[in-house]
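Only one structure is covered here, and it is reproduced in the block below.
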Amino acid sequence: MNEASVPVLETVDLKKYYKARGGYLHAVDGISLKIMRGETLGVVGESGCGKSTLIGHFNGINRPTQGKVYIDGEDIWQDPKDIRRFRFLVGLVFQYPEYQLFEETVYKDIAFGPLNMGLSEEEVNRRVLRAAKFCGLGAAMLSQSPFELSGGQKQRVALARTMVMKPKILLLDEPLSALDGVIKESIKDKIKEIA
């Protein structure tokens, strides 16, 4: 089977239930989908319907109650000790950047992932500078605390933090919601270019 015929991301009868008073809450209930290389998928629905829970399965943040998640034909939960490898392949940008920012400077926040990949200091620096530029973060901002930034600036740091990993799959959970019009359009164009 050639690589082009294998979905880059696939779910089979994916279910996620949470214990709730009087039974279970069915956050995700039997989702099966296939996404091929180069495809873009939008998940829409009302607030609280399970969109974020669903995409949290795609990089192993959420573990299914039932069903399977495959990346390039591999069951990501076949060996739970191997989940970290899949997390490097699937980048996720949350709607609220505060959920993924925690270092003392913007530079360190963006560099966190590549450092954990074991890349050289030179390669980490090259990637950080490229991702920062891509997301419209000036050199002066790299030494600032991410917690002193505006909401839109934090969102750009969160996007750079994901892009620096060069993920095979990019998941965006409303990441542009805090950005102003000009930056939002610029980032949308860059994301389309990458896709």
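FYI, nothing fancy with the structure tokens labels: chains A, B, ... in order, residues from 1 per chain, ligands from 1 as they appear.
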
For this session: For Asp109 (chain A), work out the shell of residues within 9 Å, counting only C-alpha atoms and skipping chain neighbours fewer than 6 positions away, then give it as JSON, numbers by chain.
Result: {"A": [100, 101, 102, 103, 146, 157, 158, 161]}

For this session: Could you pull out the residues in region 8-166 of chain A that DSSP calls strand (DSSP E) from the backbone, as number ranges by chain?
Result: A: 9-20, 23-35, 66-71, 74-75, 90-93

Okay, now the selection with N, CA, C and O atoms, as a CSV table (one decimal), in the first residue's frame?
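What landed in again.csv:
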chain,number,residue,atom,x,y,z
A,9,LEU,N,-4.7,10.8,9.0
A,9,LEU,CA,-5.5,10.8,10.3
A,9,LEU,C,-6.8,10.0,10.0
A,9,LEU,O,-7.5,10.3,9.1
A,10,GLU,N,-7.0,9.1,10.9
A,10,GLU,CA,-8.3,8.3,10.8
A,10,GLU,C,-8.8,8.0,12.2
A,10,GLU,O,-8.0,7.7,13.1
A,11,THR,N,-10.1,8.1,12.4
A,11,THR,CA,-10.8,7.6,13.6
A,11,THR,C,-11.8,6.5,13.2
A,11,THR,O,-12.4,6.6,12.1
A,12,VAL,N,-11.9,5.5,14.0
A,12,VAL,CA,-12.9,4.5,13.8
A,12,VAL,C,-13.8,4.3,15.0
A,12,VAL,O,-13.3,4.0,16.1
A,13,ASP,N,-15.0,4.6,14.9
A,13,ASP,CA,-16.0,4.5,16.0
A,13,ASP,C,-15.5,5.1,17.3
A,13,ASP,O,-15.6,4.5,18.3
A,14,LEU,N,-15.0,6.3,17.2
A,14,LEU,CA,-14.4,7.0,18.4
A,14,LEU,C,-15.4,7.4,19.3
A,14,LEU,O,-16.4,8.1,19.0
A,15,LYS,N,-15.2,7.0,20.6
A,15,LYS,CA,-16.2,7.4,21.7
A,15,LYS,C,-15.4,7.9,22.9
A,15,LYS,O,-14.4,7.4,23.2
A,16,LYS,N,-15.9,9.0,23.5
A,16,LYS,CA,-15.4,9.5,24.8
A,16,LYS,C,-16.5,9.8,25.7
A,16,LYS,O,-17.4,10.6,25.4
A,17,TYR,N,-16.6,9.0,26.8
A,17,TYR,CA,-17.7,9.2,27.8
A,17,TYR,C,-17.0,9.7,29.1
A,17,TYR,O,-16.0,9.2,29.5
A,18,TYR,N,-17.7,10.6,29.8
A,18,TYR,CA,-17.3,11.0,31.1
A,18,TYR,C,-18.4,10.7,32.1
A,18,TYR,O,-19.6,10.8,31.8
A,19,LYS,N,-18.0,10.2,33.3
A,19,LYS,CA,-18.9,10.0,34.3
A,19,LYS,C,-19.6,11.3,34.7
A,19,LYS,O,-19.0,12.3,34.9
A,20,ALA,N,-20.9,11.2,34.8
A,20,ALA,CA,-21.7,12.4,35.2
A,20,ALA,C,-22.8,11.9,36.2
A,20,ALA,O,-23.1,10.7,36.3
A,23,GLY,N,-25.2,8.8,35.4
A,23,GLY,CA,-24.8,8.0,34.2
A,23,GLY,C,-23.5,8.6,33.6
A,23,GLY,O,-22.5,8.9,34.3
A,24,TYR,N,-23.5,8.7,32.3
A,24,TYR,CA,-22.4,9.1,31.5
A,24,TYR,C,-22.7,10.3,30.5
A,24,TYR,O,-23.8,10.3,30.0
A,25,LEU,N,-21.8,11.2,30.3
A,25,LEU,CA,-22.0,12.2,29.3
A,25,LEU,C,-21.2,11.7,28.1
A,25,LEU,O,-20.0,11.4,28.2
A,26,HIS,N,-21.9,11.7,27.0
A,26,HIS,CA,-21.3,11.2,25.7
A,26,HIS,C,-20.8,12.4,25.0
A,26,HIS,O,-21.5,13.0,24.2
A,27,ALA,N,-19.5,12.7,25.2
A,27,ALA,CA,-18.9,13.9,24.6
A,27,ALA,C,-18.6,13.7,23.2
A,27,ALA,O,-18.7,14.6,22.3
A,28,VAL,N,-18.1,12.5,22.8
A,28,VAL,CA,-17.9,12.1,21.5
A,28,VAL,C,-18.5,10.7,21.3
A,28,VAL,O,-18.2,9.8,22.2
A,29,ASP,N,-19.4,10.5,20.3
A,29,ASP,CA,-20.1,9.2,20.3
A,29,ASP,C,-20.2,8.6,18.9
A,29,ASP,O,-21.1,8.8,18.1
A,30,GLY,N,-19.1,7.9,18.6
A,30,GLY,CA,-19.1,7.1,17.4
A,30,GLY,C,-18.6,7.8,16.2
A,30,GLY,O,-19.2,7.6,15.1
A,31,ILE,N,-17.6,8.6,16.3
A,31,ILE,CA,-17.1,9.4,15.1
A,31,ILE,C,-16.1,8.5,14.3
A,31,ILE,O,-15.1,8.0,14.9
A,32,SER,N,-16.3,8.4,13.1
A,32,SER,CA,-15.4,7.7,12.1
A,32,SER,C,-15.1,8.7,11.0
A,32,SER,O,-16.0,9.3,10.4
A,33,LEU,N,-13.8,9.0,10.8
A,33,LEU,CA,-13.5,9.9,9.7
A,33,LEU,C,-12.1,9.5,9.1
A,33,LEU,O,-11.3,8.8,9.8
A,34,LYS,N,-11.8,10.0,7.9
A,34,LYS,CA,-10.5,9.8,7.3
A,34,LYS,C,-10.1,11.1,6.7
A,34,LYS,O,-10.9,11.7,6.0
A,35,ILE,N,-8.9,11.5,7.0
A,35,ILE,CA,-8.3,12.7,6.4
A,35,ILE,C,-7.0,12.3,5.6
A,35,ILE,O,-6.1,11.7,6.2
A,66,GLN,N,-13.6,4.3,23.8
A,66,GLN,CA,-13.7,3.2,22.9
A,66,GLN,C,-13.4,3.7,21.5
A,66,GLN,O,-13.4,4.9,21.2
A,67,GLY,N,-13.0,2.8,20.6
A,67,GLY,CA,-12.6,3.2,19.2
A,67,GLY,C,-11.1,3.4,19.1
A,67,GLY,O,-10.3,3.2,20.0
A,68,LYS,N,-10.7,3.8,17.9
A,68,LYS,CA,-9.3,3.9,17.5
A,68,LYS,C,-9.0,5.2,16.8
A,68,LYS,O,-9.9,5.8,16.2
A,69,VAL,N,-7.8,5.7,17.0
A,69,VAL,CA,-7.2,6.8,16.3
A,69,VAL,C,-5.9,6.4,15.6
A,69,VAL,O,-5.1,5.8,16.3
A,70,TYR,N,-5.8,6.6,14.3
A,70,TYR,CA,-4.7,6.2,13.6
A,70,TYR,C,-4.0,7.4,13.0
A,70,TYR,O,-4.6,8.3,12.4
A,71,ILE,N,-2.7,7.4,13.0
A,71,ILE,CA,-1.8,8.4,12.3
A,71,ILE,C,-1.0,7.6,11.4
A,71,ILE,O,-0.3,6.7,11.8
A,74,GLU,N,-1.1,3.9,11.9
A,74,GLU,CA,-0.7,3.4,13.1
A,74,GLU,C,-1.6,3.8,14.2
A,74,GLU,O,-2.0,4.9,14.4
A,75,ASP,N,-2.1,2.8,15.0
A,75,ASP,CA,-2.9,3.0,16.2
A,75,ASP,C,-2.1,3.8,17.2
A,75,ASP,O,-1.2,3.2,17.8
A,90,VAL,N,1.7,15.7,15.6
A,90,VAL,CA,0.4,16.4,15.6
A,90,VAL,C,0.5,17.6,16.5
A,90,VAL,O,0.5,17.5,17.7
A,91,GLY,N,0.5,18.8,15.8
A,91,GLY,CA,0.6,20.0,16.6
A,91,GLY,C,-0.8,20.5,16.8
A,91,GLY,O,-1.7,20.5,16.0
A,92,LEU,N,-1.1,21.0,18.1
A,92,LEU,CA,-2.4,21.5,18.5
A,92,LEU,C,-2.2,22.9,19.0
A,92,LEU,O,-1.4,23.2,19.9
A,93,VAL,N,-3.0,23.8,18.5
A,93,VAL,CA,-3.1,25.2,19.0
A,93,VAL,C,-4.5,25.4,19.6
A,93,VAL,O,-5.5,25.2,18.9

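For the choices A:Lys154, A:Arg63, A:Arg127, A:Arg84, the atom-to-atom distance to Thr105 (chain A) is smallest for A:Lys154 when using only C-alpha atoms.
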
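Proximity ranking of A:Met36, A:Val6, A:Val44, A:Leu89 relative to Thr162 (chain A) places A:Leu89 first, based on only C-alpha atoms.
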
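The closest residue to Pro80 (chain A), picked from A:Gly181, A:Gly38, A:Gly60, A:Gly118 and counting only C-alpha atoms, is A:Gly60.
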
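For the set A:Leu149, A:Ala140, A:Cys135, A:Met117, the residue with the smallest atom-to-atom gap to Ile191 (chain A) is A:Cys135, counting only C-alpha atoms.
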
Problem set entry | Spatial neighbours of Glu104 (chain A), max dist 9 Å, only C-alpha atoms, sep filter under 3 positions, as a list in words | Tyr107, Lys108, Asp109, Ser143, Gln144, Ser145, Pro146 and Phe147 of chain A

Let me see the file: selected residues, N, CA and C atoms, as a compact mmCIF listing (two decimals), in the first residue's frame.
# COMPACT_ATOMS: atom_id res chain seq x y z
N TYR A 107 10.84 33.38 23.89
CA TYR A 107 11.83 32.52 23.22
C TYR A 107 11.81 31.11 23.83
N LYS A 108 11.89 31.04 25.16
CA LYS A 108 11.93 29.73 25.83
C LYS A 108 10.64 28.96 25.60
N ASP A 109 9.51 29.67 25.53
CA ASP A 109 8.24 29.00 25.28
C ASP A 109 8.23 28.36 23.89
N SER A 143 12.31 38.21 24.28
CA SER A 143 12.85 38.25 25.64
C SER A 143 11.77 38.61 26.67
N GLN A 144 10.56 38.90 26.22
CA GLN A 144 9.48 39.25 27.13
C GLN A 144 8.83 38.01 27.73
N SER A 145 8.15 38.18 28.86
CA SER A 145 7.34 37.11 29.44
C SER A 145 6.08 36.97 28.61
N PRO A 146 5.69 35.75 28.27
CA PRO A 146 4.46 35.59 27.49
C PRO A 146 3.22 36.05 28.25
N PHE A 147 3.32 36.11 29.56
CA PHE A 147 2.16 36.48 30.38
C PHE A 147 1.94 38.00 30.44

Exercise. Could you pull the residues within 12 Å of Leu171 (chain A), counting only C-alpha atoms, minus those fewer than 4 positions along the same chain, as number ranges by chain?
Worked result: A: 9, 40-43, 51-52, 54-59, 87, 89-95, 159, 162-163, 167, 175, 191, 195

For this session: Please run DSSP on the backbone and report, as a ChimeraX atom specification, all residues within chain A that come out as helix (DSSP H, G or I).
Result: /A:3-5,51-58,80-89,97-99,106-116,121-134,139-143,146-148,151-163,181-194

Problem set entry | CA of Gly152 (chain A) to CA of Glu174 (chain A), distance in Å rounded to a single decimal | 12.4 Å

Problem set entry | Residues within 12 Å of Glu123 (chain A), only C-alpha atoms, excluding chain neighbours under 5 positions, as a ChimeraX atom specification | /A:111,114-115,117-118,128-130,164-165

Can I get the selection written as a compact mmCIF listing (two decimals), in the first residue's frame, with all heavy atoms?
# COMPACT_ATOMS: atom_id res chain seq x y z
N ALA A 111 10.84 27.54 22.15
CA ALA A 111 11.93 26.55 22.07
C ALA A 111 11.63 25.27 22.84
O ALA A 111 12.32 24.26 22.66
CB ALA A 111 13.23 27.16 22.60
N PRO A 114 11.15 21.84 20.53
CA PRO A 114 12.36 21.37 19.86
C PRO A 114 13.45 20.92 20.83
O PRO A 114 14.18 19.97 20.54
CB PRO A 114 12.82 22.59 19.05
CG PRO A 114 11.62 23.43 18.87
CD PRO A 114 10.76 23.18 20.07
N LEU A 115 13.54 21.56 21.99
CA LEU A 115 14.52 21.11 22.99
C LEU A 115 14.17 19.71 23.48
O LEU A 115 15.06 18.88 23.66
CB LEU A 115 14.58 22.09 24.17
CG LEU A 115 15.28 23.41 23.89
CD1 LEU A 115 15.08 24.39 25.05
CD2 LEU A 115 16.77 23.20 23.64
N MET A 117 12.74 17.51 21.75
CA MET A 117 12.99 16.58 20.65
C MET A 117 14.46 16.19 20.58
O MET A 117 14.83 15.32 19.81
CB MET A 117 12.56 17.23 19.32
CG MET A 117 11.08 17.42 19.16
SD MET A 117 10.66 18.37 17.67
CE MET A 117 10.93 17.15 16.39
N GLY A 118 15.28 16.90 21.36
CA GLY A 118 16.72 16.60 21.36
C GLY A 118 17.48 17.24 20.23
O GLY A 118 18.57 16.79 19.88
N VAL A 128 13.20 28.53 16.13
CA VAL A 128 12.50 29.53 16.94
C VAL A 128 12.40 30.85 16.18
O VAL A 128 11.34 31.46 16.10
CB VAL A 128 13.19 29.74 18.31
CG1 VAL A 128 12.65 30.98 19.02
CG2 VAL A 128 13.01 28.50 19.19
N LEU A 129 13.51 31.29 15.60
CA LEU A 129 13.51 32.56 14.88
C LEU A 129 12.60 32.51 13.66
O LEU A 129 11.88 33.47 13.37
CB LEU A 129 14.93 32.96 14.50
CG LEU A 129 15.88 33.24 15.68
CD1 LEU A 129 17.28 33.58 15.18
CD2 LEU A 129 15.34 34.32 16.59
N ARG A 130 12.60 31.39 12.96
CA ARG A 130 11.73 31.24 11.79
C ARG A 130 10.26 31.23 12.20
O ARG A 130 9.43 31.91 11.58
CB ARG A 130 12.07 29.95 11.04
CG ARG A 130 11.17 29.75 9.81
CD ARG A 130 11.43 28.47 9.09
NE ARG A 130 12.74 28.53 8.44
CZ ARG A 130 13.43 27.46 8.09
NH1 ARG A 130 12.94 26.26 8.30
NH2 ARG A 130 14.59 27.59 7.49
N VAL A 164 6.91 25.58 15.31
CA VAL A 164 8.34 25.30 15.45
C VAL A 164 8.61 23.79 15.44
O VAL A 164 9.70 23.36 15.10
CB VAL A 164 8.89 25.98 16.74
CG1 VAL A 164 8.48 25.21 17.99
CG2 VAL A 164 10.40 26.15 16.68
N MET A 165 7.61 23.01 15.77
CA MET A 165 7.76 21.55 15.81
C MET A 165 7.69 20.91 14.42
O MET A 165 7.98 19.74 14.27
CB MET A 165 6.68 20.94 16.71
CG MET A 165 6.69 21.45 18.13
SD MET A 165 8.10 20.84 19.05
CE MET A 165 7.67 19.12 19.16

Exercise. In Å, how far is it from CA of Asp72 (chain A) to CA of Gly45 (chain A)?
Worked result: 26.8 Å

For this session: Grab the CA of Val182 (chain A) to CA of Tyr99 (chain A) distance for me, in Å with one decimal place.
Result: 24.3 Å
